[in-house]
$ cat input-v2.txt   # compact mmCIF, C-alpha atoms
# COMPACT_ATOMS: atom_id res chain seq x y z
CA MET N 1156 -55.89 -0.66 5.61
CA SER N 1157 -56.86 2.87 4.72
CA CYS N 1158 -54.50 5.57 3.51
CA GLU N 1159 -54.94 7.28 6.84
CA GLU N 1160 -53.98 4.15 8.73
CA LEU N 1161 -50.90 3.73 6.59
CA SER N 1162 -49.77 7.34 6.85
CA ASP N 1163 -47.63 6.70 9.92
CA LEU N 1164 -45.75 3.89 8.24
CA PHE N 1165 -44.12 5.53 5.26
CA GLU N 1166 -40.86 6.49 6.97
CA LEU N 1167 -40.29 2.92 8.06
CA TYR N 1168 -41.46 1.68 4.68
CA SER N 1169 -38.94 3.84 2.83
CA LEU N 1170 -36.23 2.67 5.22
CA GLY N 1171 -37.11 -0.94 4.41
CA LEU N 1172 -38.11 -1.67 8.01
CA LEU N 1173 -41.77 -2.63 7.84
CA GLU N 1174 -42.99 -6.10 8.64
CA ARG N 1175 -44.08 -8.16 5.69
CA GLU N 1176 -47.85 -7.59 6.11
CA GLU N 1177 -47.56 -3.81 6.53
CA ASN N 1178 -45.21 -3.65 3.63
CA ARG N 1179 -47.68 -5.47 1.40
CA GLU N 1180 -50.48 -3.09 2.36
CA ILE N 1181 -48.47 -0.10 1.21
CA GLU N 1182 -47.42 -1.84 -1.98
CA ILE N 1183 -51.08 -2.41 -2.81
CA HIS N 1184 -51.85 1.29 -2.38
CA MET N 1185 -48.86 2.35 -4.41
CA ALA N 1186 -49.66 -0.14 -7.17
CA ARG N 1187 -53.10 1.35 -7.70
CA GLY N 1188 -51.64 4.84 -7.97
CA CYS N 1189 -52.93 6.18 -4.69
CA ALA N 1190 -52.04 9.89 -4.79
CA LYS N 1191 -52.26 10.34 -1.04
CA CYS N 1192 -49.88 7.46 -0.38
CA GLY N 1193 -47.56 8.71 -3.13
CA GLU N 1194 -47.38 12.07 -1.42
CA ASN N 1195 -46.79 10.44 1.95
CA LEU N 1196 -43.97 8.41 0.48
CA LYS N 1197 -42.22 11.49 -0.91
CA ASN N 1198 -42.60 13.28 2.40
CA ALA N 1199 -41.17 10.26 4.18
CA LEU N 1200 -38.22 10.01 1.82
CA ALA N 1201 -37.53 13.71 2.29
CA MET N 1202 -37.71 13.51 6.06
CA ASN N 1203 -35.46 10.48 6.15
CA ALA N 1204 -32.91 12.28 3.99
CA VAL N 1205 -32.94 15.34 6.19
CA LEU N 1206 -32.60 13.23 9.33
CA ILE N 1207 -29.67 11.16 8.07
CA SER N 1208 -27.91 14.29 6.83
CA THR N 1209 -27.36 15.30 10.44
CA SER N 1210 -24.63 12.74 11.02
CA PRO N 1211 -21.50 14.16 12.64
CA GLU N 1212 -19.08 15.16 9.95
CA VAL N 1213 -16.16 12.84 9.33
CA ALA N 1214 -13.53 13.70 6.75
CA PRO N 1215 -13.20 10.99 4.11
CA PRO N 1216 -9.72 9.72 3.22
CA SER N 1217 -8.01 11.84 0.60
CA GLY N 1218 -7.78 9.01 -1.93
CA LEU N 1219 -11.47 8.17 -1.82
CA LYS N 1220 -12.43 10.56 -4.58
CA ARG N 1221 -9.91 8.90 -6.87
CA ARG N 1222 -11.40 5.51 -6.04
CA VAL N 1223 -14.89 6.74 -6.76
CA MET N 1224 -13.83 8.18 -10.08
CA SER N 1225 -12.03 4.95 -10.94
CA SER N 1226 -15.05 2.85 -10.11
CA VAL N 1227 -17.11 4.57 -12.78
CA GLY N 1228 -14.31 4.39 -15.30
CA LEU N 1229 -13.71 8.10 -15.13
CA HIS N 1230 -10.64 8.17 -13.12
CA ARG N 1231 -8.82 9.95 -15.74
CA LYS N 1232 -7.61 6.90 -17.46
CA GLY N 1233 -6.32 9.44 -19.92
CA TRP N 1234 -5.08 11.47 -17.07
CA GLY N 1235 -3.62 8.34 -15.53
CA TRP N 1236 -1.63 7.57 -18.61
CA LEU N 1237 -0.79 11.20 -18.97
CA GLY N 1238 0.22 11.26 -15.33
CA ALA N 1239 2.32 8.14 -15.77
CA PHE N 1240 3.87 9.61 -18.91
CA ALA N 1241 4.50 12.90 -17.15
CA THR N 1242 5.98 11.02 -14.21
CA ALA N 1243 8.20 9.00 -16.53
CA CYS N 1244 9.29 12.19 -18.29
CA LEU N 1245 10.02 13.83 -14.99
CA LEU N 1246 11.98 10.77 -13.96
CA VAL N 1247 14.02 10.85 -17.15
CA VAL N 1248 14.62 14.56 -16.73
CA ALA N 1249 15.56 14.02 -13.09
CA VAL N 1250 17.98 11.23 -14.02
CA TRP N 1251 19.40 13.32 -16.84
CA LEU N 1252 19.78 16.31 -14.57
CA GLY N 1253 21.30 14.05 -11.96
CA ASN N 1254 23.78 12.72 -14.48
CA GLN N 1255 24.46 16.21 -15.71
CA GLU N 1256 24.93 17.32 -12.16
CA ARG N 1257 27.21 14.38 -11.45
CA GLN N 1258 29.09 15.00 -14.68
CA ARG N 1259 29.36 18.67 -13.92
CA GLY N 1260 30.44 17.78 -10.42
CA THR N 1261 33.09 15.43 -11.76
CA GLU N 1262 34.25 17.99 -14.28
CA LEU N 1263 34.27 20.64 -11.63
CA ALA N 1264 36.27 18.44 -9.29
CA GLU N 1265 38.65 17.64 -12.13
CA ALA N 1266 38.99 21.31 -12.96
CA ARG N 1267 39.58 22.16 -9.33
CA LYS N 1268 42.18 19.42 -9.16
CA ASN N 1269 43.86 20.78 -12.29
CA ILE N 1270 43.78 24.28 -10.89
CA VAL N 1271 45.31 23.06 -7.67
CA GLU N 1272 47.96 21.15 -9.56
CA VAL N 1273 48.69 24.08 -11.84
CA ALA N 1274 48.79 26.45 -8.91
CA SER N 1275 51.01 24.07 -7.03
CA GLU N 1276 53.31 23.73 -10.02
CA ARG N 1277 53.30 27.49 -10.49
CA ASP N 1278 54.19 27.98 -6.83
CA ARG N 1279 56.93 25.43 -7.14
CA LEU N 1280 58.35 27.10 -10.24
CA GLU N 1281 58.10 30.52 -8.63
CA GLN N 1282 59.92 29.10 -5.64
CA ALA N 1283 62.51 27.57 -7.92
CA LEU N 1284 62.93 30.86 -9.76
CA ARG N 1285 63.34 32.72 -6.49
CA ILE N 1286 66.09 30.32 -5.42
CA LEU N 1287 67.80 30.57 -8.81
CA ASP N 1288 67.44 34.31 -8.82
CA GLN N 1289 69.25 34.84 -5.55
CA PRO N 1290 72.96 35.72 -5.93
CA GLU N 1291 73.87 33.89 -2.74
CA THR N 1292 72.39 30.61 -3.96
CA ILE N 1293 75.00 27.86 -4.13
CA GLN N 1294 74.92 25.61 -7.16
CA ILE N 1295 76.24 22.03 -6.90
CA THR N 1296 76.52 19.96 -10.03
CA PHE N 1297 76.40 16.17 -9.81
CA GLY N 1298 76.88 13.29 -12.24
CA LYS N 1299 79.02 15.37 -14.52
CA GLY N 1300 81.54 13.20 -16.23
CA ARG N 1301 80.01 10.02 -14.89
CA PRO N 1302 79.35 7.39 -17.50
CA GLN N 1303 75.85 6.71 -16.17
CA PRO N 1304 73.12 9.07 -15.25
CA PRO N 1305 71.58 10.65 -13.28
CA ARG N 1306 72.86 14.12 -13.71
CA GLY N 1307 71.80 17.53 -12.52
CA ASN N 1308 72.25 20.36 -10.07
CA VAL N 1309 71.45 21.14 -6.47
CA PHE N 1310 70.79 24.75 -5.54
CA VAL N 1311 71.11 25.72 -1.90
CA HIS N 1312 69.96 29.00 -0.36
CA SER N 1313 70.34 29.48 3.37
CA LYS N 1314 66.87 30.99 3.80
CA LEU N 1315 64.85 29.63 0.89
CA GLY N 1316 65.93 25.99 1.04
CA VAL N 1317 67.43 23.30 -1.20
CA MET N 1318 66.37 22.62 -4.81
CA LEU N 1319 67.25 19.49 -6.75
CA ILE N 1320 67.00 19.41 -10.55
CA ALA N 1321 67.85 15.99 -11.95
CA SER N 1322 67.59 14.19 -15.25
CA ASN N 1323 68.03 10.65 -16.47
CA LEU N 1324 66.66 9.21 -13.27
CA PRO N 1325 65.94 5.50 -13.63
CA ARG N 1326 62.34 4.29 -13.70
CA LEU N 1327 61.34 3.15 -10.23
CA ALA N 1328 59.88 -0.19 -9.38
CA SER N 1329 56.34 -0.23 -8.03
CA GLY N 1330 56.14 0.89 -4.40
CA LYS N 1331 59.36 2.80 -4.53
CA ILE N 1332 60.11 6.51 -4.34
CA TYR N 1333 63.05 8.85 -4.43
CA GLU N 1334 64.08 10.42 -1.14
CA MET N 1335 66.46 13.36 -0.77
CA TRP N 1336 68.83 13.59 2.20
CA LEU N 1337 70.78 16.45 3.68
CA ILE N 1338 73.95 15.08 5.22
CA PRO N 1339 75.76 17.50 7.46
CA LYS N 1340 79.49 17.35 7.68
CA GLY N 1341 80.23 14.58 10.13
CA GLY N 1342 76.53 13.99 10.79
CA ALA N 1343 73.78 11.56 9.96
CA PRO N 1344 71.54 11.98 6.91
CA ARG N 1345 68.35 13.98 7.55
CA PRO N 1346 65.26 13.27 5.46
CA ALA N 1347 64.69 16.13 2.99
CA GLY N 1348 61.49 15.04 1.23
CA LEU N 1349 60.12 12.50 -1.20
CA PHE N 1350 59.69 12.99 -4.95
CA GLN N 1351 59.12 11.21 -8.20
CA ALA N 1352 60.52 11.66 -11.67
CA ASP N 1353 58.43 12.19 -14.77
CA ASP N 1354 58.28 9.78 -17.66
CA MET N 1355 61.48 11.26 -19.11
CA GLY N 1356 63.34 10.64 -15.84
CA SER N 1357 63.48 14.32 -14.93
CA ALA N 1358 62.61 15.72 -11.51
CA LEU N 1359 62.43 19.01 -9.69
CA HIS N 1360 62.31 18.76 -5.91
CA ILE N 1361 62.47 21.60 -3.40
CA LEU N 1362 62.92 21.48 0.36
CA SER N 1363 61.70 24.86 1.58
CA GLY N 1364 63.05 26.58 4.66
CA PRO N 1365 66.32 27.68 6.18
CA VAL N 1366 69.32 25.50 5.69
CA GLU N 1367 72.57 25.57 7.63
CA THR N 1368 74.72 25.94 4.55
CA SER N 1369 78.00 26.13 6.43
CA SER N 1370 77.56 22.69 7.97
CA LEU N 1371 75.94 21.05 4.93
CA GLY N 1372 78.23 18.35 3.62
CA VAL N 1373 76.31 16.35 1.00
CA VAL N 1374 72.93 16.29 -0.67
CA ALA N 1375 72.07 12.70 -1.51
CA VAL N 1376 69.18 10.83 -3.17
CA THR N 1377 68.27 7.22 -2.54
CA VAL N 1378 65.46 4.93 -3.61
CA GLU N 1379 63.20 4.15 -0.69
CA PRO N 1380 59.87 2.46 0.02
CA ALA N 1381 56.88 4.60 -1.01
CA ALA N 1382 56.30 5.82 2.54
CA GLY N 1383 59.85 7.06 2.82
CA SER N 1384 62.47 6.22 5.40
CA GLN N 1385 64.00 7.93 8.37
CA ALA N 1386 67.45 6.82 7.21
CA PRO N 1387 68.72 5.75 3.79
CA THR N 1388 68.16 2.04 3.13
CA THR N 1389 69.85 1.90 -0.28
CA GLN N 1390 73.00 3.16 -1.87
CA PRO N 1391 72.69 6.80 -3.08
CA LEU N 1392 71.93 7.41 -6.71
CA ILE N 1393 72.98 11.01 -6.33
CA LEU N 1394 75.71 12.44 -4.17
CA ALA N 1395 76.17 16.18 -4.45
CA SER N 1396 78.98 17.45 -2.23
CA ALA N 1397 78.52 20.97 -0.97
CA GLY N 1398 82.26 21.34 -0.77
CA ALA N 1399 82.82 20.25 -4.37
CA MET R 392 -24.85 37.31 8.46
CA LYS R 393 -27.42 34.77 9.53
CA VAL R 394 -25.47 32.14 7.69
CA LEU R 395 -22.30 33.15 9.51
CA ARG R 396 -24.01 32.92 12.88
CA LEU R 397 -25.26 29.46 12.05
CA LEU R 398 -21.94 28.32 10.63
CA PRO R 399 -20.58 26.38 13.63
CA ALA R 400 -23.83 24.50 14.10
CA LEU R 401 -24.10 23.74 10.42
CA LEU R 402 -20.59 22.44 10.25
CA ALA R 403 -21.40 20.14 13.14
CA TYR R 404 -24.41 18.93 11.22
CA GLY R 405 -22.25 18.25 8.22
CA VAL R 406 -24.80 19.72 5.88
CA LEU R 407 -23.36 23.04 4.87
CA GLN R 408 -22.02 21.92 1.58
CA VAL R 409 -25.26 20.22 0.67
CA VAL R 410 -27.39 23.19 1.55
CA LEU R 411 -25.27 25.78 -0.14
CA ARG R 412 -24.86 23.82 -3.31
CA HIS R 413 -28.31 22.43 -3.67
CA LYS R 414 -29.28 24.98 -6.31
CA ASP R 415 -26.60 23.52 -8.58
CA ASP R 416 -28.07 20.05 -8.35
CA ALA R 417 -30.37 20.27 -11.34
CA GLU R 418 -27.53 21.29 -13.60
CA LEU R 419 -25.26 18.70 -11.99
CA ALA R 420 -27.83 15.98 -12.60
CA ARG R 421 -28.09 17.01 -16.25
CA ARG R 422 -24.33 16.81 -16.61
CA LEU R 423 -24.29 13.39 -14.96
CA ARG R 424 -26.87 12.20 -17.43
CA THR R 425 -24.74 13.40 -20.33
CA ARG R 426 -21.74 11.61 -18.82
CA ASP R 427 -19.75 14.77 -18.32
CA PRO R 428 -16.59 13.42 -16.62
CA HIS R 429 -16.31 16.50 -14.42
CA ALA R 430 -19.85 16.02 -13.19
CA MET R 431 -18.92 12.93 -11.21
CA ALA R 432 -16.08 14.80 -9.54
CA ASP R 433 -18.47 17.60 -8.69
CA LEU R 434 -21.03 15.14 -7.34
CA TYR R 435 -18.38 13.71 -5.04
CA ASP R 436 -17.30 17.19 -4.00
CA HIS R 437 -20.90 18.01 -3.12
CA TYR R 438 -21.91 14.84 -1.36
CA GLY R 439 -18.83 12.72 -0.77
CA ARG R 440 -18.13 14.00 2.71
CA LEU R 441 -21.77 13.75 3.73
CA ALA R 442 -22.13 10.24 2.35
CA TYR R 443 -18.92 9.12 4.04
CA SER R 444 -19.99 10.63 7.36
CA LEU R 445 -23.34 8.89 7.21
CA ILE R 446 -21.91 5.54 6.19
CA PHE R 447 -19.14 5.73 8.76
CA ARG R 448 -21.69 6.47 11.46
CA ILE R 449 -23.52 3.28 10.49
CA VAL R 450 -20.68 0.84 9.88
CA ARG R 451 -18.03 2.35 12.23
CA ASN R 452 -15.23 1.16 10.02
CA SER R 453 -13.30 3.45 7.72
CA ALA R 454 -12.22 0.79 5.23
CA VAL R 455 -15.77 -0.53 4.89
CA ALA R 456 -17.07 3.02 4.68
CA GLU R 457 -14.74 3.73 1.79
CA ASP R 458 -15.98 0.67 -0.09
CA LEU R 459 -19.58 1.62 0.51
CA VAL R 460 -19.09 5.24 -0.58
CA GLN R 461 -17.56 3.93 -3.76
CA GLU R 462 -20.52 1.62 -4.22
CA THR R 463 -22.93 4.49 -3.53
CA PHE R 464 -21.51 6.74 -6.20
CA LEU R 465 -21.25 3.90 -8.66
CA ARG R 466 -24.91 3.16 -8.11
CA VAL R 467 -25.88 6.81 -8.57
CA TRP R 468 -23.83 7.01 -11.74
CA ASN R 469 -25.44 3.91 -13.17
CA ARG R 470 -28.99 4.99 -12.38
CA VAL R 471 -28.89 8.70 -12.96
CA GLN R 472 -30.57 8.30 -16.37
CA SER R 473 -33.81 7.63 -14.50
CA PHE R 474 -33.40 10.73 -12.40
CA ASP R 475 -35.45 13.81 -13.25
CA PRO R 476 -32.99 16.71 -13.18
CA SER R 477 -35.67 19.39 -13.27
CA ARG R 478 -37.77 18.10 -10.40
CA GLY R 479 -35.64 15.60 -8.54
CA ALA R 480 -33.62 16.02 -5.40
CA LEU R 481 -30.09 14.79 -5.88
CA GLY R 482 -28.98 15.12 -2.24
CA PRO R 483 -31.78 13.06 -0.69
CA TRP R 484 -31.30 10.40 -3.34
CA VAL R 485 -27.54 10.14 -2.82
CA LEU R 486 -27.97 10.01 0.95
CA THR R 487 -30.67 7.38 0.69
CA VAL R 488 -28.46 5.23 -1.51
CA ALA R 489 -25.57 5.72 0.94
CA ARG R 490 -27.68 4.80 3.94
CA ASN R 491 -29.12 1.75 2.21
CA ARG R 492 -25.67 0.51 1.18
CA ALA R 493 -24.50 0.77 4.78
CA ILE R 494 -27.61 -0.89 6.22
CA ASP R 495 -27.39 -3.63 3.63
CA TYR R 496 -23.82 -4.22 4.74
CA LEU R 497 -24.83 -4.36 8.42
CA ARG R 498 -27.57 -6.80 7.66
CA SER R 499 -25.25 -9.06 5.71
CA VAL R 500 -22.75 -9.03 8.58
CA ASP R 501 -25.46 -9.73 11.15
CA GLY R 502 -27.14 -12.35 9.01
CA ARG R 503 -30.32 -10.23 8.93
CA MET R 504 -31.24 -10.74 5.32
CA SER R 505 -34.98 -11.07 5.82
CA GLN R 506 -35.66 -7.58 4.50
CA GLY R 507 -33.36 -8.32 1.63
CA ALA R 508 -31.20 -6.18 -0.58
CA LEU R 509 -33.85 -6.14 -3.27
CA GLU R 510 -36.24 -4.21 -1.10
CA LEU R 511 -33.70 -1.51 -0.31
CA ASP R 512 -32.77 -1.44 -3.94
CA ARG R 513 -36.34 -0.71 -4.91
CA LEU R 514 -36.64 2.02 -2.30
CA GLU R 515 -33.79 4.02 -3.73
CA ASN R 516 -35.15 4.13 -7.24
CA PRO R 517 -34.39 7.64 -8.55
CA VAL R 518 -37.95 7.94 -9.82
CA LEU R 519 -39.08 8.08 -6.19
CA PHE R 520 -37.03 11.24 -5.71
CA SER R 521 -38.80 13.21 -8.39
CA SER R 522 -41.13 16.12 -7.59
CA PHE R 523 -39.09 17.00 -4.55
CA GLU R 524 -39.27 20.72 -5.16
CA ASP R 525 -40.56 21.56 -1.70
CA ARG R 526 -38.76 18.80 0.10
CA ALA R 527 -35.15 19.59 -0.63
CA LEU R 528 -32.41 19.58 1.96
CA THR R 529 -32.43 23.14 3.13
CA MET R 530 -30.62 24.75 5.97
CA ASP R 531 -33.83 25.54 7.77
CA ARG R 532 -35.28 22.06 7.44
CA VAL R 533 -32.13 20.40 8.67
CA LYS R 534 -31.87 22.76 11.60
CA LYS R 535 -35.49 22.29 12.54
CA LEU R 536 -35.32 18.52 12.36
CA LYS R 537 -32.11 18.38 14.31
CA GLY R 538 -33.68 20.49 17.03
CA ALA R 539 -36.79 18.36 17.07
CA PHE R 540 -34.75 15.17 17.30
CA GLU R 541 -32.90 16.48 20.33
CA LYS R 542 -36.19 17.23 22.04
CA LEU R 543 -37.38 13.63 21.75
CA SER R 544 -37.35 11.46 24.84
CA PRO R 545 -34.33 9.17 25.26
CA ASN R 546 -36.40 6.12 24.34
CA GLN R 547 -37.77 7.83 21.26
CA ARG R 548 -34.30 8.91 20.19
CA LEU R 549 -33.07 5.38 20.79
CA VAL R 550 -35.62 3.74 18.52
CA ILE R 551 -35.06 6.36 15.82
CA GLU R 552 -31.32 5.69 16.00
CA LEU R 553 -31.92 1.95 15.78
CA ALA R 554 -34.16 2.40 12.75
CA TYR R 555 -32.14 4.90 10.77
CA TYR R 556 -28.57 3.89 11.68
CA GLU R 557 -28.87 0.19 12.44
CA GLY R 558 -31.68 -0.76 10.14
CA LEU R 559 -33.68 -2.63 12.78
CA SER R 560 -37.36 -3.32 12.30
CA GLN R 561 -39.65 -2.67 15.24
CA THR R 562 -39.64 -6.35 16.12
CA GLU R 563 -35.85 -6.41 16.05
CA MET R 564 -35.75 -3.28 18.20
CA ALA R 565 -38.03 -4.88 20.75
CA GLU R 566 -35.71 -7.87 20.94
CA ARG R 567 -32.61 -5.72 21.11
CA ILE R 568 -33.75 -3.43 23.91
CA LYS R 569 -35.94 -6.05 25.55
CA GLN R 570 -39.13 -4.06 25.48
CA PRO R 571 -42.64 -5.11 24.41
CA LEU R 572 -43.26 -4.66 20.71
CA GLY R 573 -46.27 -2.45 21.44
CA THR R 574 -44.12 -0.11 23.53
CA VAL R 575 -41.51 0.12 20.81
CA LYS R 576 -44.15 0.84 18.19
CA THR R 577 -45.56 3.63 20.36
CA TRP R 578 -42.11 5.19 20.76
CA VAL R 579 -41.46 4.98 17.04
CA ARG R 580 -44.82 6.34 16.03
CA THR R 581 -44.66 9.23 18.49
CA ALA R 582 -41.13 10.13 17.52
CA LEU R 583 -41.84 10.09 13.80
CA LYS R 584 -45.01 12.12 14.29
CA THR R 585 -43.07 14.76 16.20
CA LEU R 586 -40.37 14.93 13.54
CA ARG R 587 -42.88 14.96 10.71
CA GLU R 588 -44.83 17.83 12.23
CA GLU R 589 -41.69 19.81 12.89
CA LEU R 590 -40.61 19.38 9.30
CA ALA R 591 -44.06 20.34 8.03
CA GLN R 592 -43.88 23.54 10.05
CA ALA R 593 -40.49 24.31 8.56
CA ALA R 594 -41.92 23.82 5.08
CA THR R 595 -44.82 26.19 5.62
CA ALA R 596 -42.85 28.80 7.57

$ encode --input "input-v2.txt" --output "structure tokens"
Amino acid sequence: MSCEELSDLFELYSLGLLEREENREIEIHMARGCAKCGENLKNALAMNAVLISTSPEVAPPSGLKRRVMSSVGLHRKGWGWLGAFATACLLVVAVWLGNQERQRGTELAEARKNIVEVASERDRLEQALRILDQPETIQITFGKGRPQPPRGNVFVHSKLGVMLIASNLPRLASGKIYEMWLIPKGGAPRPAGLFQADDMGSALHILSGPVETSSLGVVAVTVEPAAGSQAPTTQPLILASAGA
Amino acid sequence: MKVLRLLPALLAYGVLQVVLRHKDDAELARRLRTRDPHAMADLYDHYGRLAYSLIFRIVRNSAVAEDLVQETFLRVWNRVQSFDPSRGALGPWVLTVARNRAIDYLRSVDGRMSQGALELDRLENPVLFSSFEDRALTMDRVKKLKGAFEKLSPNQRLVIELAYYEGLSQTEMAERIKQPLGTVKTWVRTALKTLREELAQAATA
């Protein structure tokens, strides 16, 4: 075949679509360095490229570039290690910060708890001082002269409430608690709050609020279950008689 | 301003990035040859989207398209030493490799191995894409060819589609669309002649 006869076939040739015989004809021309056929081939390759570049645009997946770079051994193996190292560092920092945050949180909670306890204790002492400071407060001493403790005082103020200060209280069994009772003259004991003693057996307990001092007969303390009782279930450890 | 007016159409053609960056190709090819690690990233940035679009159009499967894009760039990377940076056309070469990878895949799936991978392999030799100075992918050429393609008759467009995007020979086209081989050859020849002439006019304009 002549160059002219082959000229229409170069697009299909460069696409790999010619039949075997046509293909061989072009190969023969190309092998002998036919300039005309060489030019036709370049034109065909160029036209094919332009034509296939008109495909509707489709966005490739975001990770494809990474895959391509990896396939040629350029995907930042250094960067990969660096990335992994950086990630590990960030993780360590994040864990450390998390621990710090948790620790700070714990410390903060502990501090808040201490502040609350201190404030509560301060309020209690201020309340105790107010009761003690009032001239109309009635003081009742108990345990004095008894061979066994506990001993102490009860302070009663008609508007501020009743304050118990005791020492030498026995150590309580597990699940037990002290409960104070206000026993009116000729009446039944009324619960007046739960409290515990410190390690030395001392306790300060205050029942805030108005108290009918004229009818108050006895301030008593019993040992009760930890949840307290509505009526004494044990014999009183302390009996402080308002009329004493 | 002309570029801005053409922008929507060019985006639809998917060629904007190729056209605008073509002037960088010689330098990019040199960097690829010297194994500059950033050059491969730049090559993907220039042609990755276009290659993926082309391959996806052929294989219609995103996972396969990803594999074939990867294969395309690997092949370009491995053969770029034979590419002439001063006179070659990087875009047409990359697109040809991409199209051939996709067609090769279709043929393997369809059991159409008669043309063989070796033949396609030979036809994407970078040496073939040298001396492309006047044949580069330019905005005007792409626009002209796209317009010419749309003016083809439905049958002519069909056979061009079957050739370029399905890799069918004229005999295979005749079997597929159940038309005489002579008729198919006439459609193909006429269509290619029209496109060729349109492109030649764009080159001399």

$ interface_residues --input "input-v2.txt" --of "chain R" --to "chain N" --cutoff "8 Å" --atoms "all atoms listed in the file" --output "number ranges by chain"
R: 402-406, 428, 431-432, 435, 439-441, 443-445, 447-448, 457, 460-461, 464-465, 468, 482-484, 486-487, 490-491, 506, 510-511, 514, 519-520, 523, 526-528, 532-533, 536-537, 554-555, 558-561, 580, 583-584, 587, 590

$ residues_near_point --input "input-v2.txt" --point "(-35.5, 6.5, 23.5)" --cutoff "12 Å" --atoms "only C-alpha atoms" --output "JSON, numbers by chain"
{"R": [540, 541, 542, 543, 544, 545, 546, 547, 548, 549, 550, 551, 552, 553, 554, 564, 565, 568, 570, 574, 575, 576, 577, 578, 579, 580, 581, 582]}

$ atom_distance --input "input-v2.txt" --atom1 "CA of Phe1350 in chain N" --atom2 "CA of Ala1266 in chain N"
23.7 Å

$ atom_distance --input "input-v2.txt" --atom1 "CA of Pro1380 in chain N" --atom2 "CA of Trp1336 in chain N"
14.5 Å

$ residues_near_point --input "input-v2.txt" --point "(65.1, 5.5, -15.0)" --cutoff "12 Å" --atoms "only C-alpha atoms" --output "tab-separated table (two decimals) with C-alpha atoms, in the coordinates of the input"
chain	number	residue	atom	x	y	z
N	1303	GLN	CA	75.85	6.71	-16.17
N	1304	PRO	CA	73.12	9.07	-15.25
N	1305	PRO	CA	71.58	10.65	-13.28
N	1306	ARG	CA	72.86	14.12	-13.71
N	1321	ALA	CA	67.85	15.99	-11.95
N	1322	SER	CA	67.59	14.19	-15.25
N	1323	ASN	CA	68.03	10.65	-16.47
N	1324	LEU	CA	66.66	9.21	-13.27
N	1325	PRO	CA	65.94	5.50	-13.63
N	1326	ARG	CA	62.34	4.29	-13.70
N	1327	LEU	CA	61.34	3.15	-10.23
N	1328	ALA	CA	59.88	-0.19	-9.38
N	1332	ILE	CA	60.11	6.51	-4.34
N	1333	TYR	CA	63.05	8.85	-4.43
N	1351	GLN	CA	59.12	11.21	-8.20
N	1352	ALA	CA	60.52	11.66	-11.67
N	1353	ASP	CA	58.43	12.19	-14.77
N	1354	ASP	CA	58.28	9.78	-17.66
N	1355	MET	CA	61.48	11.26	-19.11
N	1356	GLY	CA	63.34	10.64	-15.84
N	1357	SER	CA	63.48	14.32	-14.93
N	1358	ALA	CA	62.61	15.72	-11.51
N	1378	VAL	CA	65.46	4.93	-3.61
N	1392	LEU	CA	71.93	7.41	-6.71

$ atom_distance --input "input-v2.txt" --atom1 "CA of Leu1319 in chain N" --atom2 "CA of Pro1346 in chain N"
13.8 Å

$ closest_residue --input "input-v2.txt" --among "R:Ala442, R:Leu572, R:Val450, R:Ala456" --to "Asp501 in chain R" --atoms "all atoms listed in the file"
R:Val450

$ closest_residue --input "input-v2.txt" --among "R:Arg422, R:Arg513, R:Ala493, R:Val485" --to "Ser453 in chain R" --atoms "all atoms listed in the file"
R:Ala493

$ decode --input "input-v2.txt" --residues "range 426-447 of chain R" --atoms "C-alpha atoms" --output "CSV table (one decimal), in the first residue's frame"
chain,number,residue,atom,x,y,z
R,426,ARG,CA,13.6,12.0,39.8
R,427,ASP,CA,12.6,15.2,41.6
R,428,PRO,CA,10.1,13.8,44.1
R,429,HIS,CA,7.9,16.9,43.8
R,430,ALA,CA,7.7,16.5,40.0
R,431,MET,CA,5.6,13.4,40.3
R,432,ALA,CA,3.1,15.2,42.6
R,433,ASP,CA,3.0,18.0,40.0
R,434,LEU,CA,2.4,15.6,37.2
R,435,TYR,CA,-0.5,14.2,39.1
R,436,ASP,CA,-1.8,17.6,39.8
R,437,HIS,CA,-1.6,18.5,36.1
R,438,TYR,CA,-3.0,15.3,34.6
R,439,GLY,CA,-4.5,13.2,37.4
R,440,ARG,CA,-8.0,14.5,37.1
R,441,LEU,CA,-8.0,14.2,33.3
R,442,ALA,CA,-6.5,10.7,33.3
R,443,TYR,CA,-9.1,9.6,35.9
R,444,SER,CA,-11.9,11.1,34.0
R,445,LEU,CA,-10.8,9.4,30.8
R,446,ILE,CA,-10.3,6.0,32.4
R,447,PHE,CA,-13.5,6.2,34.3
